[in-house]
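model-v5.csv (CSV, C-alpha atoms and all ligand atoms)
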chain,number,residue,atom,x,y,z
A,1,MET,CA,-18.9,27.8,-27.1
A,2,THR,CA,-19.3,28.1,-30.8
A,3,LYS,CA,-16.4,29.2,-33.0
A,4,PRO,CA,-16.1,33.0,-32.7
A,5,LEU,CA,-16.1,35.5,-35.6
A,6,GLY,CA,-12.8,37.2,-36.4
A,7,VAL,CA,-12.3,41.0,-36.7
A,8,ILE,CA,-9.1,42.5,-38.0
A,9,LEU,CA,-8.3,45.9,-36.5
A,10,ALA,CA,-7.0,48.3,-39.1
A,11,GLY,CA,-8.7,51.5,-38.0
A,12,GLY,CA,-5.7,53.5,-36.8
A,13,GLN,CA,-3.8,56.4,-38.4
A,14,ALA,CA,-0.3,54.9,-38.6
A,15,THR,CA,1.3,58.2,-37.6
A,16,ARG,CA,4.6,56.5,-36.8
A,17,MET,CA,4.7,55.1,-40.3
A,18,GLY,CA,3.9,58.5,-41.9
A,19,GLY,CA,0.2,57.9,-42.4
A,20,GLY,CA,-1.8,55.6,-44.8
A,21,ASP,CA,-2.7,52.0,-44.2
A,22,LYS,CA,0.0,49.9,-42.5
A,23,GLY,CA,-2.0,46.8,-43.5
A,24,LEU,CA,-1.4,47.5,-47.2
A,25,LEU,CA,2.4,47.5,-46.8
A,26,GLN,CA,4.1,44.5,-48.4
A,27,ILE,CA,6.3,41.9,-46.8
A,28,GLY,CA,7.4,38.8,-48.8
A,29,GLY,CA,5.3,39.9,-51.8
A,30,GLN,CA,2.1,40.0,-49.8
A,31,SER,CA,0.4,42.8,-47.8
A,32,LEU,CA,0.5,42.7,-44.0
A,33,LEU,CA,-3.2,42.3,-44.1
A,34,SER,CA,-3.2,39.3,-46.3
A,35,HIS,CA,-0.7,37.6,-43.9
A,36,VAL,CA,-3.1,38.4,-41.1
A,37,ILE,CA,-6.1,37.0,-43.1
A,38,ASP,CA,-4.2,33.8,-43.9
A,39,ARG,CA,-3.5,33.2,-40.2
A,40,LEU,CA,-6.9,34.2,-38.8
A,41,SER,CA,-9.4,32.9,-41.3
A,42,PRO,CA,-8.8,29.1,-40.5
A,43,GLN,CA,-9.4,29.9,-36.8
A,44,VAL,CA,-12.8,31.6,-37.0
A,45,SER,CA,-16.3,31.1,-38.5
A,46,GLY,CA,-16.2,34.4,-40.5
A,47,LEU,CA,-14.1,37.5,-40.9
A,48,ALA,CA,-14.5,41.2,-41.2
A,49,LEU,CA,-12.1,44.2,-41.4
A,50,ASN,CA,-12.5,47.2,-39.1
A,51,ALA,CA,-11.2,50.3,-41.0
A,52,ASN,CA,-12.1,53.9,-41.4
A,53,GLY,CA,-12.3,56.0,-44.6
A,54,ASP,CA,-13.0,54.8,-48.1
A,55,PRO,CA,-13.7,51.0,-47.9
A,56,GLU,CA,-12.9,50.7,-51.7
A,57,ARG,CA,-9.1,50.5,-50.9
A,58,PHE,CA,-9.8,47.1,-49.4
A,59,ALA,CA,-12.2,45.8,-52.0
A,60,GLU,CA,-9.9,43.1,-53.4
A,61,LEU,CA,-9.8,41.4,-50.0
A,62,GLY,CA,-13.5,40.6,-50.3
A,63,LEU,CA,-14.3,41.2,-46.6
A,64,PRO,CA,-17.0,43.3,-45.0
A,65,VAL,CA,-15.4,46.6,-43.9
A,66,LEU,CA,-16.7,48.0,-40.6
A,67,PRO,CA,-16.0,51.7,-39.8
A,68,ASP,CA,-15.8,53.0,-36.2
A,69,THR,CA,-19.1,54.3,-34.9
A,70,ILE,CA,-17.4,56.3,-32.2
A,71,GLU,CA,-16.0,59.4,-33.7
A,72,GLY,CA,-12.5,60.8,-33.5
A,73,PHE,CA,-10.2,57.8,-33.6
A,74,ALA,CA,-10.9,56.5,-30.2
A,75,GLY,CA,-8.4,53.7,-30.4
A,76,PRO,CA,-8.7,50.0,-30.8
A,77,LEU,CA,-11.7,49.6,-28.4
A,78,ALA,CA,-13.7,51.6,-31.1
A,79,GLY,CA,-12.8,48.8,-33.5
A,80,VAL,CA,-13.8,46.1,-31.0
A,81,LEU,CA,-17.2,47.8,-30.6
A,82,ALA,CA,-17.7,47.9,-34.4
A,83,GLY,CA,-16.8,44.2,-34.5
A,84,LEU,CA,-19.2,43.3,-31.7
A,85,ASP,CA,-22.1,45.2,-33.4
A,86,TRP,CA,-21.4,43.3,-36.6
A,87,ALA,CA,-21.3,40.0,-34.7
A,88,ALA,CA,-24.6,40.8,-33.0
A,89,GLU,CA,-26.2,41.2,-36.5
A,90,GLN,CA,-24.7,37.8,-37.5
A,91,GLY,CA,-26.2,36.2,-34.3
A,92,ALA,CA,-22.8,35.4,-32.9
A,93,ASP,CA,-21.9,35.6,-29.3
A,94,SER,CA,-18.2,36.5,-29.4
A,95,ILE,CA,-15.4,37.8,-31.6
A,96,VAL,CA,-11.6,37.4,-31.7
A,97,THR,CA,-9.6,40.4,-32.8
A,98,ALA,CA,-6.2,40.6,-34.4
A,99,ALA,CA,-4.3,43.7,-35.5
A,100,ALA,CA,-3.6,44.3,-39.1
A,101,ASP,CA,0.1,45.2,-38.4
A,102,THR,CA,1.0,42.0,-36.7
A,103,PRO,CA,1.8,39.3,-39.3
A,104,PHE,CA,3.3,36.5,-37.1
A,105,PHE,CA,0.6,36.0,-34.4
A,106,PRO,CA,0.0,32.4,-33.2
A,107,ARG,CA,-1.8,29.9,-35.3
A,108,ASP,CA,-3.5,28.6,-32.2
A,109,LEU,CA,-4.6,32.1,-31.0
A,110,VAL,CA,-8.3,31.3,-31.0
A,111,THR,CA,-8.1,27.9,-29.4
A,112,ARG,CA,-5.9,29.3,-26.6
A,113,LEU,CA,-8.1,32.3,-26.0
A,114,THR,CA,-11.2,30.2,-25.9
A,115,GLN,CA,-9.6,27.7,-23.5
A,116,ALA,CA,-8.7,30.5,-21.1
A,117,ALA,CA,-12.3,31.7,-21.1
A,118,GLU,CA,-13.7,28.4,-19.9
A,119,GLY,CA,-16.2,28.9,-17.1
A,120,GLN,CA,-16.5,32.7,-17.7
A,121,VAL,CA,-20.1,34.0,-18.0
A,122,HIS,CA,-18.9,36.5,-20.6
A,123,PRO,CA,-15.8,35.3,-22.3
A,124,LEU,CA,-13.2,38.1,-22.2
A,125,VAL,CA,-9.5,37.2,-22.6
A,126,LEU,CA,-6.4,39.1,-23.8
A,127,ALA,CA,-3.2,37.6,-25.1
A,128,ILE,CA,0.0,38.1,-23.1
A,129,THR,CA,3.7,37.1,-23.6
A,130,PRO,CA,6.6,37.0,-21.2
A,131,ARG,CA,9.0,40.0,-21.4
A,132,SER,CA,12.7,39.3,-22.1
A,133,GLY,CA,15.0,40.1,-19.1
A,134,ASP,CA,16.1,43.4,-20.8
A,135,GLU,CA,12.6,44.6,-21.5
A,136,ALA,CA,11.5,43.8,-17.9
A,137,LEU,CA,14.4,45.8,-16.6
A,138,LYS,CA,13.7,48.8,-18.9
A,139,SER,CA,10.0,48.8,-17.9
A,140,GLY,CA,10.9,50.4,-14.5
A,141,GLY,CA,8.1,48.7,-12.7
A,142,GLY,CA,9.7,45.4,-13.6
A,143,LYS,CA,6.7,44.1,-15.4
A,144,ARG,CA,7.1,40.5,-16.4
A,145,VAL,CA,4.6,40.3,-19.2
A,146,ASN,CA,3.5,42.2,-22.3
A,147,ARG,CA,-0.3,42.5,-22.6
A,148,HIS,CA,-1.5,42.6,-26.2
A,149,PRO,CA,-4.7,44.6,-26.1
A,150,THR,CA,-5.6,44.2,-29.8
A,151,PHE,CA,-5.5,40.3,-29.5
A,152,GLY,CA,-8.5,39.2,-27.5
A,153,LEU,CA,-11.7,37.3,-27.2
A,154,TRP,CA,-14.7,39.7,-26.7
A,155,PRO,CA,-18.3,39.0,-25.7
A,156,VAL,CA,-21.2,40.4,-27.7
A,157,ALA,CA,-23.1,40.6,-24.4
A,158,LEU,CA,-20.9,43.4,-23.2
A,159,ARG,CA,-21.1,45.6,-26.3
A,160,ASP,CA,-23.5,48.2,-24.8
A,161,ASP,CA,-21.3,48.5,-21.7
A,162,LEU,CA,-18.4,49.1,-24.0
A,163,ARG,CA,-20.3,51.7,-26.0
A,164,ALA,CA,-21.2,53.5,-22.8
A,165,ALA,CA,-17.6,53.4,-21.6
A,166,LEU,CA,-16.3,54.8,-24.9
A,167,MET,CA,-19.0,57.6,-24.9
A,168,ASP,CA,-17.7,58.4,-21.4
A,169,GLY,CA,-14.2,58.9,-22.8
A,170,LEU,CA,-12.6,55.6,-21.9
A,171,ARG,CA,-9.7,54.7,-24.3
A,172,LYS,CA,-7.4,52.4,-22.5
A,173,VAL,CA,-8.2,48.8,-23.3
A,174,VAL,CA,-7.0,47.1,-20.1
A,175,LEU,CA,-9.0,49.5,-17.9
A,176,TRP,CA,-12.1,48.1,-19.5
A,177,THR,CA,-11.0,44.5,-19.5
A,178,ASP,CA,-9.8,44.7,-15.9
A,179,LYS,CA,-13.2,46.1,-14.9
A,180,HIS,CA,-14.9,43.1,-16.3
A,181,GLU,CA,-12.4,40.6,-14.8
A,182,GLY,CA,-10.9,39.8,-18.2
A,183,ARG,CA,-8.5,36.9,-18.2
A,184,GLU,CA,-5.1,36.4,-19.9
A,185,ALA,CA,-3.8,33.7,-22.2
A,186,LEU,CA,0.0,33.3,-22.1
A,187,PHE,CA,1.8,32.6,-25.4
A,188,SER,CA,5.5,31.8,-25.8
A,189,ALA,CA,7.9,34.6,-27.0
A,190,ASP,CA,10.5,32.1,-28.1
A,191,PRO,CA,12.3,32.6,-30.5
A,192,PHE,CA,10.6,36.1,-30.8
A,193,ASP,CA,7.4,37.7,-29.6
A,194,PRO,CA,4.7,36.5,-32.1
A,195,PHE,CA,2.8,39.7,-31.4
A,196,PHE,CA,5.6,41.8,-32.8
A,197,ASN,CA,3.9,44.6,-34.7
A,198,VAL,CA,5.0,47.0,-37.4
A,199,ASN,CA,4.8,50.6,-36.3
A,200,THR,CA,7.8,52.2,-38.0
A,201,PRO,CA,9.8,51.7,-41.3
A,202,GLU,CA,12.5,50.0,-39.2
A,203,GLU,CA,10.0,47.5,-37.8
A,204,LEU,CA,8.8,46.9,-41.4
A,205,ASP,CA,12.4,45.9,-42.3
A,206,ARG,CA,12.5,43.7,-39.2
A,207,ALA,CA,9.3,41.9,-40.3
A,208,ARG,CA,10.8,41.3,-43.7
A,209,THR,CA,13.9,39.8,-42.2
A,210,LEU,CA,11.9,37.6,-39.8
A,211,LEU,CA,9.8,36.4,-42.7
A,212,GLU,CA,12.9,35.4,-44.7
A,213,GLN,CA,14.3,33.5,-41.7
A,214,ALA,CA,11.0,31.6,-41.1
B,1,LIG,N1,-10.9,51.1,-35.0
B,1,LIG,C1,-9.8,51.7,-34.6
B,1,LIG,N2,-8.6,51.1,-34.5
B,1,LIG,C2,-7.5,51.8,-34.1
B,1,LIG,C3,-7.6,53.1,-33.7
B,1,LIG,N3,-6.3,53.5,-33.4
B,1,LIG,C4,-5.5,52.4,-33.4
B,1,LIG,N4,-6.3,51.3,-33.9
B,1,LIG,C5,-5.8,50.0,-34.1
B,1,LIG,O1,-5.2,49.5,-33.0
B,1,LIG,C6,-4.0,48.8,-33.3
B,1,LIG,C7,-2.8,49.4,-32.6
B,1,LIG,O2,-2.7,50.7,-33.1
B,1,LIG,P1,-1.4,51.6,-32.9
B,1,LIG,O3,-0.3,51.0,-33.6
B,1,LIG,O4,-1.3,51.9,-31.5
B,1,LIG,O5,-2.0,52.9,-33.7
B,1,LIG,P2,-1.9,53.2,-35.2
B,1,LIG,O6,-2.9,54.3,-35.5
B,1,LIG,O7,-2.0,51.9,-36.0
B,1,LIG,O8,-0.4,53.8,-35.4
B,1,LIG,P3,0.2,55.1,-34.7
B,1,LIG,O9,-0.6,56.2,-35.2
B,1,LIG,O10,1.6,55.1,-35.3
B,1,LIG,O11,0.2,54.9,-33.2
B,1,LIG,C8,-3.9,48.8,-34.8
B,1,LIG,O12,-4.6,47.6,-35.3
B,1,LIG,C9,-4.7,50.0,-35.2
B,1,LIG,O13,-5.3,49.8,-36.5
B,1,LIG,C10,-8.9,53.8,-33.9
B,1,LIG,O14,-9.0,55.0,-33.6
B,1,LIG,N5,-9.9,53.1,-34.3
Reformat the file's structure so that it appears as structure tokens.
Amino acid sequence: MTKPLGVILAGGQATRMGGGDKGLLQIGGQSLLSHVIDRLSPQVSGLALNANGDPERFAELGLPVLPDTIEGFAGPLAGVLAGLDWAAEQGADSIVTAAADTPFFPRDLVTRLTQAAEGQVHPLVLAITPRSGDEALKSGGGKRVNRHPTFGLWPVALRDDLRAALMDGLRKVVLWTDKHEGREALFSADPFDPFFNVNTPEELDRARTLLEQA
């Protein structure tokens, strides 16, 4: 398989942060988005940003900005679809997505997702991490892993199926990936979950602390 294209998902409304663009918040003198770009760009053959509204606010990043084509903030799958349509125009056969609010994701994300897809007709893989004992207990159902639906490898070949599912009202990522027998790639959560994401002002403080300790 050729190296996939990368798409950074920044199309949400950041309600828990009070609105605006979470990706433009600063940690360690750099925006969350630029941390994500630094991690993802060496792993992919090209990069775009999925975001809604005025693209000018991201101009200095120098990336193509892809708005959702499904209306009404349909969730991250709408961003995946925008990325797949862009990849089809570029003649690529797959994309890897990363969320703009997740500054510490693994530097071998793409390698590991791609390895997990070996033998699949349409490569479709989500990242997962083990839950800590406490988290597993609190989850009621005793789930042992966290699935990270914004970190995945997605096939261009399934973009029309995804479009139809979204038009039908599907929103939950794993419902769609399970339907297509998506696989999972397990990443370590030691010393902390690398897919830790920033949703609230408290989590922004935690990200700053983690960065200082790194
Ligand atoms: N393209 C697109 N991406 C979305 C949408 N909603 C969420 N996302 C992305 O999905 C990822 C996870 O989003 P959440 O943290 O659940 O949602 P959020 O809108 O960022 O924040 P909250 O409003 O506080 O839930 C982030 O990368 C978001 O940018 C959407 O409607 N369209």
**OP:** Report as a PyMOL selection string which protein, DNA and RNA residues come within 8 Å of ligand LIG 1 (chain B), using all atoms listed in the file.
**Re:** chain A and resi 8-19+22+50-52+67-68+72-80+82+98-101+150+197-200
**OP:** Name the residues in contact with Gln213 in chain A at a cut-off of 12 Å, using all atoms listed in the file, excluding same-chain residues fewer than 6 positions from it; report them as a list in words.
**Re:** Gly28, Pro191, Phe192, Arg206 and Ala207 of chain A
**OP:** Can you pull out every residue within 9 Å of Arg163 in chain A, counting all atoms listed in the file, but drop anything in the same chain fewer than 4 positions away, and send it as a list in words?
**Re:**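 Surrounding residues, per the criterion: Ile70, Ala78, Leu81, Leu158, Arg159, Met167 and Asp168 of chain A.
For the pair CA of Pro149 in chain A and CA of Gly29 in chain A, the separation is 28.0 Å.
The nearest approach to Leu175 in chain A among the residues A:Leu204, A:Leu162, A:Ile128, A:Val7, with all atoms listed in the file taken into account, belongs to A:Leu162.
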Subject >> Among listed residues A:Asp161, A:Asp178, A:Asp85, A:Glu184, nearest Ala117 in chain A (using only C-alpha atoms) >> reply: A:Glu184
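Remark: for Leu33 in chain A, the closest of the candidate residues A:Asp160, A:Asp190, A:Asp54, A:Glu60 is A:Glu60 (distances computed over only C-alpha atoms).
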Subject >> One-decimal distance in Å that lies between CA of Leu25 in chain A and CA of Val110 in chain A >> reply: 25.0 Å
Original post:
Once you count all atoms listed in the file, which residues end up no further than 12 Å from (-15.8, 36.9, -29.9) in the file's frame, shown as a PyMOL selection string?
Top reply: chain A and resi 1-8+43-47+80-81+83-88+90-98+110-111+113-114+117+122-126+151-159
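The coordinates place CA of Val65 in chain A at 6.1 Å from CA of Ala48 in chain A.
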**OP:** Pick out the closest residue to Ile37 in chain A from this set: A:Arg107, A:Val121, A:Pro55, A:Glu89. Count all atoms listed in the file.
**Re:** A:Arg107
Original post:
Taking (4.8, 42.0, -33.7) in the file's coordinates as the center, which residues reach within 7 Å of it, counting all atoms listed in the file, put as JSON, numbers by chain?
Top reply: {"A": [102, 103, 104, 193, 194, 195, 196, 197, 198]}
Give me a file of those residues, with C-alpha atoms, as a short mmCIF file (atom, residue, chain, number, x, y, z; two decimals), in the coordinates of the input.
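Output saved as again20.cif:
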data_model
loop_
_atom_site.label_atom_id
_atom_site.label_comp_id
_atom_site.auth_asym_id
_atom_site.auth_seq_id
_atom_site.Cartn_x
_atom_site.Cartn_y
_atom_site.Cartn_z
CA THR A 102 1.00 42.00 -36.70
CA PRO A 103 1.80 39.30 -39.30
CA PHE A 104 3.30 36.50 -37.10
CA ASP A 193 7.40 37.70 -29.60
CA PRO A 194 4.70 36.50 -32.10
CA PHE A 195 2.80 39.70 -31.40
CA PHE A 196 5.60 41.80 -32.80
CA ASN A 197 3.90 44.60 -34.70
CA VAL A 198 5.00 47.00 -37.40
#
Original post:
Taking all atoms listed in the file into account, which of A:Arg39, A:Arg183, A:Arg57, A:Arg208 comes nearest Gly23 in chain A?
Top reply: A:Arg57
Original post:
Restricting the calculation to all atoms listed in the file, which member of A:Pro106, A:Arg144, A:Lys179, A:Gln26 is positioned closest to Asp205 in chain A?
Top reply: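 Of the candidates, the smallest distance to Asp205 in chain A is held by A:Gln26.
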